[in-house]
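Printed here is work_2.txt (compact mmCIF, C-alpha atoms and all ligand atoms):
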```txt
# COMPACT_ATOMS: atom_id res chain seq x y z
CA MET A 7 0.00 0.00 0.00
CA ALA A 8 1.24 3.47 -0.69
CA ARG A 9 0.54 7.11 -1.04
CA VAL A 10 0.69 8.29 -4.68
CA GLN A 11 1.73 11.80 -5.58
CA LEU A 12 1.57 13.44 -8.98
CA LYS A 13 3.56 16.66 -8.91
CA SER A 14 2.77 18.98 -11.83
CA ILE A 15 2.78 16.18 -14.37
CA ALA A 16 1.86 16.78 -17.99
CA LYS A 17 1.93 14.86 -21.24
CA SER A 18 2.08 16.01 -24.83
CA TRP A 19 3.29 14.45 -28.06
CA ASN A 20 5.03 16.08 -30.98
CA ALA A 21 4.59 14.51 -34.37
CA GLY A 22 4.96 16.07 -37.80
CA GLY A 23 5.32 19.57 -36.35
CA LYS A 24 2.03 19.25 -34.47
CA THR A 25 1.60 19.05 -30.71
CA SER A 26 -1.10 16.88 -29.23
CA VAL A 27 -1.92 17.43 -25.56
CA GLY A 28 -2.92 14.46 -23.43
CA VAL A 29 -2.83 16.05 -19.98
CA LYS A 30 -2.11 19.66 -19.03
CA GLU A 31 -0.42 20.32 -15.74
CA MET A 32 -1.94 18.16 -13.03
CA SER A 33 -1.14 17.63 -9.35
CA LEU A 34 -2.74 15.05 -7.10
CA ASP A 35 -1.98 13.72 -3.65
CA ILE A 36 -3.65 10.33 -3.20
CA ALA A 37 -3.67 9.00 0.34
CA ASP A 38 -2.56 5.49 1.24
CA GLY A 39 -5.64 3.29 0.87
CA GLU A 40 -7.70 5.88 -0.96
CA PHE A 41 -10.03 5.02 -3.84
CA LEU A 42 -9.59 7.83 -6.34
CA VAL A 43 -11.67 8.03 -9.50
CA LEU A 44 -10.69 9.95 -12.63
CA LEU A 45 -13.96 10.93 -14.32
CA GLY A 46 -14.54 12.74 -17.59
CA PRO A 47 -15.69 12.43 -21.19
CA SER A 48 -13.81 10.62 -23.94
CA GLY A 49 -10.45 12.15 -24.77
CA CYS A 50 -10.08 14.20 -21.58
CA GLY A 51 -6.81 12.52 -20.56
CA LYS A 52 -7.83 9.81 -18.08
CA THR A 53 -5.97 6.91 -19.68
CA THR A 54 -2.93 9.09 -20.35
CA THR A 55 -2.74 9.97 -16.64
CA MET A 56 -3.05 6.33 -15.72
CA ARG A 57 -0.40 5.23 -18.22
CA MET A 58 2.04 7.74 -16.79
CA VAL A 59 1.53 6.32 -13.29
CA ALA A 60 1.96 2.78 -14.64
CA GLY A 61 5.09 3.73 -16.55
CA LEU A 62 3.66 2.90 -19.97
CA GLU A 63 4.04 6.54 -20.98
CA ASP A 64 6.79 8.99 -19.97
CA ALA A 65 5.60 12.23 -18.38
CA THR A 66 6.68 15.27 -20.40
CA GLN A 67 7.16 17.12 -17.13
CA GLY A 68 6.65 16.63 -13.41
CA GLU A 69 7.28 13.91 -10.87
CA ILE A 70 5.42 10.73 -9.97
CA TRP A 71 5.89 9.31 -6.50
CA ILE A 72 4.65 5.95 -5.27
CA GLY A 73 5.29 5.64 -1.54
CA GLU A 74 8.77 6.88 -0.76
CA ARG A 75 10.05 6.46 -4.31
CA LYS A 76 10.11 8.77 -7.27
CA VAL A 77 9.21 6.36 -10.07
CA ASN A 78 9.63 8.44 -13.24
CA ASP A 79 12.67 6.43 -14.30
CA LEU A 80 11.46 3.01 -13.16
CA GLU A 81 10.20 0.35 -15.57
CA PRO A 82 6.49 -0.54 -15.25
CA LYS A 83 7.36 -3.89 -13.66
CA ASP A 84 9.41 -2.17 -10.96
CA ARG A 85 6.69 0.26 -9.90
CA ASP A 86 4.68 -2.22 -7.84
CA VAL A 87 1.38 -1.41 -9.58
CA ALA A 88 -1.19 -3.82 -11.03
CA MET A 89 -3.40 -2.73 -13.88
CA VAL A 90 -6.87 -3.92 -14.88
CA PHE A 91 -8.07 -2.80 -18.28
CA GLN A 92 -11.34 -2.72 -20.15
CA SER A 93 -10.10 -5.56 -22.34
CA TYR A 94 -9.32 -8.26 -19.85
CA GLY A 95 -6.03 -9.31 -21.40
CA LEU A 96 -6.39 -12.93 -20.31
CA TYR A 97 -4.30 -15.67 -21.89
CA PRO A 98 -6.84 -17.68 -23.92
CA ASN A 99 -4.99 -21.00 -23.76
CA MET A 100 -4.48 -20.89 -19.99
CA THR A 101 -7.06 -21.95 -17.42
CA VAL A 102 -8.42 -19.48 -14.88
CA TYR A 103 -6.01 -20.93 -12.34
CA GLU A 104 -3.04 -20.48 -14.65
CA ASN A 105 -4.10 -16.97 -15.57
CA ILE A 106 -4.36 -15.93 -11.93
CA SER A 107 -1.08 -17.58 -10.97
CA PHE A 108 0.82 -16.17 -13.95
CA PRO A 109 2.18 -13.00 -12.29
CA LEU A 110 3.49 -15.06 -9.39
CA ARG A 111 5.12 -17.65 -11.64
CA ILE A 112 7.01 -15.09 -13.72
CA ARG A 113 8.08 -13.39 -10.53
CA GLY A 114 9.57 -16.67 -9.34
CA THR A 115 7.36 -17.06 -6.26
CA LYS A 116 7.88 -20.38 -4.46
CA VAL A 117 5.51 -23.07 -5.71
CA ALA A 118 4.25 -23.77 -2.21
CA GLU A 119 3.16 -20.14 -1.84
CA ILE A 120 1.45 -19.88 -5.21
CA ASP A 121 -1.43 -22.26 -4.61
CA PRO A 122 -2.81 -20.64 -1.43
CA ALA A 123 -2.38 -17.16 -2.93
CA VAL A 124 -4.32 -18.10 -6.07
CA LYS A 125 -7.10 -19.66 -4.04
CA ARG A 126 -7.36 -16.64 -1.74
CA ALA A 127 -7.66 -14.32 -4.73
CA ALA A 128 -10.16 -16.60 -6.49
CA GLU A 129 -12.27 -16.74 -3.36
CA LYS A 130 -12.36 -12.97 -3.06
CA VAL A 131 -13.93 -12.67 -6.50
CA GLU A 132 -16.04 -15.85 -6.20
CA LEU A 133 -14.29 -17.86 -8.90
CA MET A 134 -13.47 -21.04 -6.97
CA ASP A 135 -15.81 -23.14 -9.12
CA PHE A 136 -14.23 -21.98 -12.36
CA LEU A 137 -10.52 -22.54 -11.84
CA ASP A 138 -10.24 -25.25 -14.52
CA ARG A 139 -12.06 -23.34 -17.24
CA ARG A 140 -10.53 -21.36 -20.05
CA PRO A 141 -11.53 -17.72 -20.68
CA LYS A 142 -13.74 -18.59 -23.66
CA GLU A 143 -15.88 -20.74 -21.36
CA LEU A 144 -16.63 -17.79 -19.09
CA SER A 145 -19.13 -14.92 -19.17
CA GLY A 146 -17.90 -11.33 -19.48
CA GLY A 147 -18.34 -10.70 -15.78
CA GLN A 148 -16.45 -13.86 -14.87
CA ARG A 149 -13.59 -12.92 -17.20
CA GLN A 150 -13.44 -9.49 -15.61
CA ARG A 151 -13.20 -11.15 -12.20
CA VAL A 152 -10.28 -13.30 -13.42
CA ALA A 153 -8.51 -10.10 -14.45
CA LEU A 154 -9.22 -8.66 -10.99
CA ALA A 155 -7.96 -11.80 -9.25
CA ARG A 156 -4.79 -11.68 -11.32
CA ALA A 157 -4.22 -8.13 -10.09
CA ILE A 158 -5.07 -9.00 -6.47
CA VAL A 159 -2.73 -11.96 -6.31
CA ARG A 160 0.27 -9.69 -6.79
CA GLN A 161 -0.57 -7.65 -3.70
CA PRO A 162 0.62 -4.48 -5.39
CA ALA A 163 1.09 -1.12 -3.73
CA VAL A 164 -1.42 0.43 -6.14
CA PHE A 165 -4.27 -0.80 -8.33
CA LEU A 166 -4.80 1.00 -11.61
CA MET A 167 -8.15 0.25 -13.20
CA ASP A 168 -9.07 1.73 -16.57
CA GLU A 169 -12.77 1.37 -17.38
CA PRO A 170 -12.74 -2.22 -16.13
CA LEU A 171 -16.53 -2.57 -16.36
CA SER A 172 -17.29 -0.92 -19.66
CA ASN A 173 -17.54 -4.20 -21.63
CA LEU A 174 -20.24 -5.54 -19.33
CA ASP A 175 -23.99 -5.15 -19.71
CA ALA A 176 -25.82 -2.76 -17.41
CA LYS A 177 -26.88 -5.34 -14.84
CA LEU A 178 -23.45 -6.96 -14.57
CA ARG A 179 -21.81 -3.60 -14.20
CA VAL A 180 -23.89 -2.87 -11.13
CA SER A 181 -23.03 -6.21 -9.56
CA MET A 182 -19.31 -5.92 -10.43
CA ARG A 183 -19.34 -2.38 -9.05
CA SER A 184 -20.38 -3.67 -5.66
CA HIS A 185 -17.76 -6.46 -5.94
CA ILE A 186 -15.05 -3.85 -6.47
CA LYS A 187 -16.36 -1.72 -3.63
CA HIS A 188 -16.35 -4.66 -1.26
CA LEU A 189 -12.92 -5.76 -2.42
CA HIS A 190 -11.47 -2.34 -1.73
CA HIS A 191 -13.00 -2.40 1.72
CA GLU A 192 -11.23 -5.70 2.41
CA LEU A 193 -7.86 -5.02 0.77
CA LYS A 194 -7.61 -1.27 1.37
CA THR A 195 -5.13 -0.96 -1.48
CA THR A 196 -4.64 2.51 -2.95
CA THR A 197 -6.67 2.52 -6.17
CA ILE A 198 -6.85 4.84 -9.15
CA TYR A 199 -9.93 4.04 -11.19
CA VAL A 200 -10.86 5.54 -14.54
CA THR A 201 -14.42 5.84 -15.80
CA HIS A 202 -16.61 8.12 -17.88
CA ASP A 203 -19.65 6.87 -15.97
CA GLN A 204 -20.60 9.37 -13.29
CA ILE A 205 -22.67 6.86 -11.30
CA GLU A 206 -19.67 4.52 -11.10
CA ALA A 207 -17.56 7.44 -9.93
CA MET A 208 -20.06 8.56 -7.30
CA THR A 209 -20.62 5.08 -5.89
CA LEU A 210 -17.00 3.92 -5.75
CA ALA A 211 -14.88 6.95 -4.99
CA ASP A 212 -13.49 8.40 -1.81
CA ARG A 213 -12.60 11.35 -4.02
CA VAL A 214 -13.42 12.14 -7.64
CA VAL A 215 -11.22 14.07 -10.05
CA VAL A 216 -13.43 15.55 -12.76
CA MET A 217 -11.48 16.15 -15.97
CA SER A 218 -12.33 17.84 -19.24
CA LYS A 219 -10.11 18.72 -22.19
CA ALA A 220 -6.89 17.55 -20.56
CA GLU A 221 -7.51 19.63 -17.44
CA VAL A 222 -8.71 18.98 -13.92
CA GLN A 223 -12.02 20.75 -13.33
CA GLN A 224 -12.61 19.82 -9.70
CA ILE A 225 -11.33 17.43 -7.06
CA GLY A 226 -13.62 16.46 -4.22
CA THR A 227 -15.67 13.86 -2.44
CA PRO A 228 -18.73 12.62 -4.34
CA GLU A 229 -20.88 14.87 -2.13
CA GLN A 230 -18.77 17.95 -2.89
CA ILE A 231 -18.79 17.27 -6.61
CA TYR A 232 -22.56 16.78 -6.59
CA ASN A 233 -23.61 19.51 -4.15
CA ASP A 234 -20.94 22.13 -4.68
CA PRO A 235 -19.86 22.11 -8.34
CA ALA A 236 -16.99 24.49 -9.16
CA ASN A 237 -18.09 25.31 -12.68
CA LEU A 238 -20.65 24.68 -15.40
CA PHE A 239 -18.85 21.64 -16.74
CA VAL A 240 -18.95 19.78 -13.43
CA ALA A 241 -22.54 20.89 -12.78
CA GLY A 242 -23.72 19.55 -16.13
CA PHE A 243 -21.68 16.36 -16.08
CA ILE A 244 -22.70 15.02 -12.68
CA GLY A 245 -26.28 13.92 -12.05
CA ASN A 246 -29.05 12.19 -13.92
CA PRO A 247 -31.12 13.82 -15.29
CA SER A 248 -28.52 16.50 -15.93
CA MET A 249 -28.80 19.66 -13.90
CA ASN A 250 -31.07 22.26 -15.53
CA LEU A 251 -28.87 25.07 -16.83
CA ILE A 252 -30.84 28.18 -17.75
CA ASP A 253 -29.44 31.32 -19.38
CA GLY A 254 -30.58 34.60 -17.90
CA LYS A 255 -29.48 37.70 -16.02
CA LEU A 256 -29.10 38.71 -12.41
CA GLU A 257 -30.67 41.94 -11.16
CA ASN A 258 -30.49 42.89 -7.49
CA GLY A 259 -29.99 39.27 -6.55
CA CYS A 260 -32.98 38.12 -8.62
CA PHE A 261 -32.39 35.64 -11.41
CA ILE A 262 -34.51 36.53 -14.43
CA ALA A 263 -35.26 34.53 -17.56
CA GLU A 264 -38.47 33.99 -19.51
CA GLY A 265 -40.83 32.18 -17.13
CA LEU A 266 -38.37 32.41 -14.22
CA ARG A 267 -37.97 34.97 -11.42
CA ILE A 268 -35.94 33.59 -8.54
CA GLU A 269 -35.34 35.99 -5.67
CA GLY A 270 -32.70 35.56 -3.03
CA MET A 271 -29.72 34.71 -5.26
CA GLY A 272 -27.48 37.20 -3.43
CA ARG A 273 -27.31 40.92 -4.11
CA GLY A 274 -25.35 41.36 -7.28
CA ALA A 275 -26.19 42.24 -10.86
CA VAL A 276 -24.63 40.35 -13.76
CA GLU A 277 -25.68 40.66 -17.41
CA LYS A 278 -25.04 37.04 -18.44
CA VAL A 279 -25.46 34.26 -15.89
CA VAL A 280 -26.52 30.65 -15.94
CA LEU A 281 -28.81 29.28 -13.26
CA GLY A 282 -28.30 25.66 -12.28
CA VAL A 283 -30.97 23.68 -10.47
CA ARG A 284 -31.43 19.94 -10.21
CA ALA A 285 -34.72 18.25 -11.13
CA GLU A 286 -35.10 16.91 -7.58
CA ASP A 287 -34.79 20.44 -6.13
CA LEU A 288 -37.78 21.78 -8.05
CA MET A 289 -41.10 21.36 -6.26
CA LEU A 290 -44.47 21.55 -7.94
CA ALA A 291 -46.19 24.72 -6.75
CA ASN A 292 -49.45 26.45 -7.45
CA THR A 293 -48.96 29.28 -9.90
CA ASP A 294 -49.12 32.00 -7.19
CA ASN A 295 -46.09 30.63 -5.31
CA ALA A 296 -44.18 29.38 -8.29
CA ASN A 297 -41.00 31.12 -9.39
CA VAL A 298 -40.76 28.96 -12.52
CA ARG A 299 -43.73 28.95 -14.88
CA GLY A 300 -44.35 27.38 -18.24
CA SER A 301 -46.40 24.91 -20.22
CA VAL A 302 -45.79 21.18 -20.06
CA PHE A 303 -43.51 20.11 -22.91
CA SER A 304 -43.38 16.46 -21.89
CA PHE A 305 -43.80 14.19 -18.93
CA GLU A 306 -42.06 10.86 -18.51
CA LEU A 307 -42.76 8.02 -16.10
CA THR A 308 -39.54 6.42 -14.89
CA GLY A 309 -41.23 4.02 -12.48
CA ASP A 310 -40.03 5.57 -9.24
CA ALA A 311 -40.81 9.16 -10.31
CA THR A 312 -42.41 11.35 -12.95
CA LEU A 313 -40.18 13.78 -14.82
CA ILE A 314 -41.98 16.90 -15.98
CA THR A 315 -40.39 19.22 -18.52
CA LEU A 316 -41.73 22.77 -18.83
CA GLN A 317 -41.21 25.02 -21.80
CA CYS A 318 -40.21 28.45 -20.47
CA GLY A 319 -39.78 30.73 -23.48
CA ALA A 320 -37.01 29.20 -25.58
CA GLN A 321 -35.61 27.12 -22.69
CA ARG A 322 -36.79 23.94 -20.99
CA ILE A 323 -36.57 22.93 -17.38
CA THR A 324 -37.16 19.49 -15.91
CA ALA A 325 -38.49 18.65 -12.45
CA ARG A 326 -38.78 15.34 -10.67
CA SER A 327 -42.14 14.67 -9.11
CA SER A 328 -43.85 11.78 -7.34
CA LYS A 329 -44.54 8.66 -9.35
CA GLU A 330 -48.29 9.22 -9.01
CA PHE A 331 -48.25 12.66 -10.59
CA ARG A 332 -49.99 13.02 -13.95
CA THR A 333 -50.42 16.01 -16.24
CA ARG A 334 -51.12 16.81 -19.88
CA ILE A 335 -48.82 18.23 -22.52
CA GLY A 336 -49.62 21.93 -22.92
CA GLU A 337 -50.97 22.41 -19.40
CA GLN A 338 -49.71 25.50 -17.50
CA LEU A 339 -47.70 24.50 -14.44
CA GLY A 340 -45.42 26.08 -11.91
CA PHE A 341 -42.40 24.93 -9.89
CA MET A 342 -40.70 26.38 -6.87
CA ALA A 343 -36.91 26.58 -7.06
CA ALA A 344 -35.38 27.15 -3.62
CA PRO A 345 -32.59 29.76 -3.92
CA GLU A 346 -30.39 27.89 -1.44
CA ARG A 347 -30.51 24.84 -3.72
CA SER A 348 -29.86 26.79 -6.90
CA TYR A 349 -26.45 27.69 -8.33
CA LEU A 350 -25.26 30.62 -10.38
CA PHE A 351 -22.48 30.46 -12.96
CA ASP A 352 -20.79 33.28 -14.81
CA GLY A 353 -22.01 33.18 -18.42
CA GLN A 354 -18.54 34.20 -19.68
CA THR A 355 -16.04 32.31 -17.53
CA GLN A 356 -18.42 29.40 -16.73
CA ASN A 357 -17.18 29.51 -13.15
CA ARG A 358 -19.44 29.34 -10.17
CA LEU A 359 -20.59 32.69 -8.77
CA ARG A 360 -20.84 32.73 -5.02
CA PHE A 361 -22.79 35.55 -3.47
CA ASP A 362 -23.10 36.49 0.12
CA ARG A 363 -26.73 35.65 0.90
CA SER A 364 -26.90 37.55 4.20
N1 LIG A 401 0.09 8.31 -28.43
C1 LIG A 401 -0.60 9.45 -28.58
N2 LIG A 401 -0.20 10.38 -29.48
C2 LIG A 401 -0.88 11.53 -29.66
N3 LIG A 401 -2.00 11.85 -28.96
C3 LIG A 401 -2.46 10.96 -28.07
C4 LIG A 401 -1.80 9.72 -27.84
N4 LIG A 401 -2.49 9.04 -26.87
C5 LIG A 401 -3.54 9.83 -26.55
N5 LIG A 401 -3.52 11.00 -27.25
C6 LIG A 401 -4.49 12.11 -27.13
O1 LIG A 401 -4.54 12.52 -25.79
C7 LIG A 401 -5.86 12.87 -25.41
C8 LIG A 401 -6.26 12.11 -24.17
O2 LIG A 401 -6.39 10.74 -24.48
P1 LIG A 401 -6.79 9.64 -23.39
O3 LIG A 401 -6.63 8.31 -24.03
O4 LIG A 401 -6.03 9.93 -22.16
O5 LIG A 401 -8.32 9.97 -23.17
P2 LIG A 401 -9.38 9.26 -22.20
O6 LIG A 401 -9.84 10.30 -21.24
O7 LIG A 401 -8.81 8.01 -21.65
O8 LIG A 401 -10.57 8.96 -23.21
P3 LIG A 401 -11.52 7.64 -23.35
O9 LIG A 401 -12.65 7.82 -22.36
O10 LIG A 401 -12.03 7.75 -24.75
O11 LIG A 401 -10.69 6.42 -23.10
C9 LIG A 401 -6.73 12.60 -26.62
O12 LIG A 401 -6.97 13.81 -27.27
C10 LIG A 401 -5.89 11.68 -27.46
O13 LIG A 401 -6.17 11.84 -28.82
MG MG A 402 -9.26 5.96 -21.88
```
I need this file expressed as structure tokens, please.
Ligand SMILES: Nc1ncnc2c1ncn2[C@@H]1O[C@H](COP(=O)(O)OP(=O)(O)OP(=O)(O)O)[C@@H](O)[C@H]1O
Ligand SMILES: [Mg+2]
Amino acid sequence: MARVQLKSIAKSWNAGGKTSVGVKEMSLDIADGEFLVLLGPSGCGKTTTMRMVAGLEDATQGEIWIGERKVNDLEPKDRDVAMVFQSYGLYPNMTVYENISFPLRIRGTKVAEIDPAVKRAAEKVELMDFLDRRPKELSGGQRQRVALARAIVRQPAVFLMDEPLSNLDAKLRVSMRSHIKHLHHELKTTTIYVTHDQIEAMTLADRVVVMSKAEVQQIGTPEQIYNDPANLFVAGFIGNPSMNLIDGKLENGCFIAEGLRIEGMGRGAVEKVVLGVRAEDLMLANTDNANVRGSVFSFELTGDATLITLQCGAQRITARSSKEFRTRIGEQLGFMAAPERSYLFDGQTQNRLRFDRS
């Protein structure tokens, strides 16, 4: 187990006179035993970051520390990390047992120690009944668990997992997610986990690093990322349905857009702002109390709730209501947005605006 520190690392490539940026300057201090998730859309630099930690890619600048060692100049095999990828990378002609034991055999571990280690790892991921099978005789989830067991058996200082669940169907992902969560609870090995799935990030992480366009947007606990987004990107990326983001202006602390007048948003005046409010923070209200008014554009039953989307001028805003609620398209409705659960962002810089509410 180890603390992992990334000190101002960056990665870019030069080819044919063109520079391609993988990661702009990034610093992270990952505690011993922490589960850290790198989250962001395709191409934002997650895998590049991971490959630099693993030693599969040289950092263009900066230092990488694992425990007490600066590892920039160490070979991947000498860094004491185990990687699990989206493609399982199992050896097709080896049995599950042989696949799991492989890292120990090449390391020259004593034969007497290999067998108990393999069985312990197989037990942890519930593969004891499959040790004699070959990968092609396994389901996707079982193959993924073999890859996990092969990483566990090495008892590395750090696990690096790059989208390990993305080849699995939705149901399996959820069950593997809880496997990984439980495993981390038992092993307490420092883990860096890459995903573009915000639910995976929220459920697994001690801390989430939200990335976009090769840059860190925010680092925080799942609660901080969800409840206190630093900018428009984070606000829009985290949450399902996505946070409502409405263009408007701020006058005397009142947010104004067609159909919306939300008092109590501080005291300032800003010409171009964006209001952010989550569907679950909008309450149905009779039209006298409502501070959001419009006509029903659509309503969708999700089983556990009803999502109602109002057309407010040119913009739409979605609220989450009880599963019993019914309405008609075109009906006039109102919502109440509580100012303390609404966010303001600068329309130019996209950064969060924080006003003194007192
Ligand atoms: N060997 C390379 N040479 C040049 N550019 C590269 C190279 N590898 C990655 N890049 C670029 O670096 C950026 C980050 O890529 P990276 O693979 O880290 O993204 P990612 O966040 O893992 O995306 P995904 O979710 O699609 O896996 C991309 O713009 C990519 O095109
Ligand atoms: Mg990737």
Coordinates-based distance that separates CA of Arg273 (chain A) from CA of Arg360 (chain A) (Å, one decimal): 10.5 Å
Counting only C-alpha atoms, write as a PyMOL selection string all protein and nucleic acid residues lying at most 12 Å from (-5.6, 10.2, -16.8) in the file's frame. chain A and resi 12+15-17+27-34+42-60+63+65+166-169+198-202+215-222
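Closest approach to ligand MG 402 (chain A) from the set A:Gly73, A:Glu337, A:Gly68, A:Gln92 is made by A:Gln92, with distances taken over all atoms listed in the file.
With only C-alpha atoms as the basis for measurement, A:Gln11 is the residue among A:Gln317, A:Thr227, A:Ser328, A:Gln11 that approaches Arg75 (chain A) most closely.
When the distance limit is 8 Å and all atoms listed in the file are what count, the residues near Ala236 (chain A), minus those fewer than 2 positions from it on the same chain, are Gln223, Gln224, Ile231, Asp234, Leu238, Val240, Ala241, Asn357 and Arg358 of chain A.
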Residues of the last selection are to be written out with C-alpha atoms, as a compact mmCIF listing (two decimals), keeping the file's coordinate frame.
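New file result31.txt:
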```txt
# COMPACT_ATOMS: atom_id res chain seq x y z
CA GLN A 223 -12.02 20.75 -13.33
CA GLN A 224 -12.61 19.82 -9.70
CA ILE A 231 -18.79 17.27 -6.61
CA ASP A 234 -20.94 22.13 -4.68
CA LEU A 238 -20.65 24.68 -15.40
CA VAL A 240 -18.95 19.78 -13.43
CA ALA A 241 -22.54 20.89 -12.78
CA ASN A 357 -17.18 29.51 -13.15
CA ARG A 358 -19.44 29.34 -10.17
```
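Shortest separation to Gly274 (chain A) among A:Ala211, A:Ala291, A:Ala118, A:Leu359 occurs at residue A:Leu359, atoms counted being all atoms listed in the file.
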Fewer than 4 positions away in the same chain doesn't count, so skip those; otherwise give me all residues within 12 Å of Glu192 (chain A), counting all atoms listed in the file, as a PyMOL selection string. chain A and resi 39+127+130-131+158+185-188+196
Of the candidates A:Asn237, A:Ser107, A:Thr209, A:Ser172, which one gets nearest to ligand LIG 401 (chain A) if we count all atoms listed in the file? A:Ser172
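Minimum distance to ligand LIG 401 (chain A) across A:Asp35, A:Asp64, A:Asp175, A:Glu143 (counting all atoms listed in the file) occurs at A:Asp64.
Shortest atom-to-atom contact with ligand MG 402 (chain A) among A:Gln356, A:Ser327, A:Gln338, A:Ser93: A:Ser93, counting all atoms listed in the file.
Separating CA of Thr115 (chain A) from CA of Ala8 (chain A) is a distance of 22.1 Å.
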For Leu288 (chain A), list every protein, DNA or RNA residue within 10 Å, evaluated using only C-alpha atoms, and leave out those in the same chain fewer than 2 positions away; present the list as a PyMOL selection string. chain A and resi 283-286+290-291+296-298+323-327+340-344+347-348
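By chain and then residue number, the residues within 12 Å of Arg179 (chain A) are Gly146, Gly147, Gln148, Gln150, Arg151, Glu169, Pro170, Leu171, Ser172, Asn173, His185, Ile186, Asp203, Ile205 and Glu206 of chain A, counting only C-alpha atoms and disregarding those fewer than 6 positions away in sequence.
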Asp86 (chain A): which residues within 9 Å, counting all atoms listed in the file, same-chain residues fewer than 3 positions away excluded, as a ChimeraX atom specification? /A:60,72,82-83,160-164
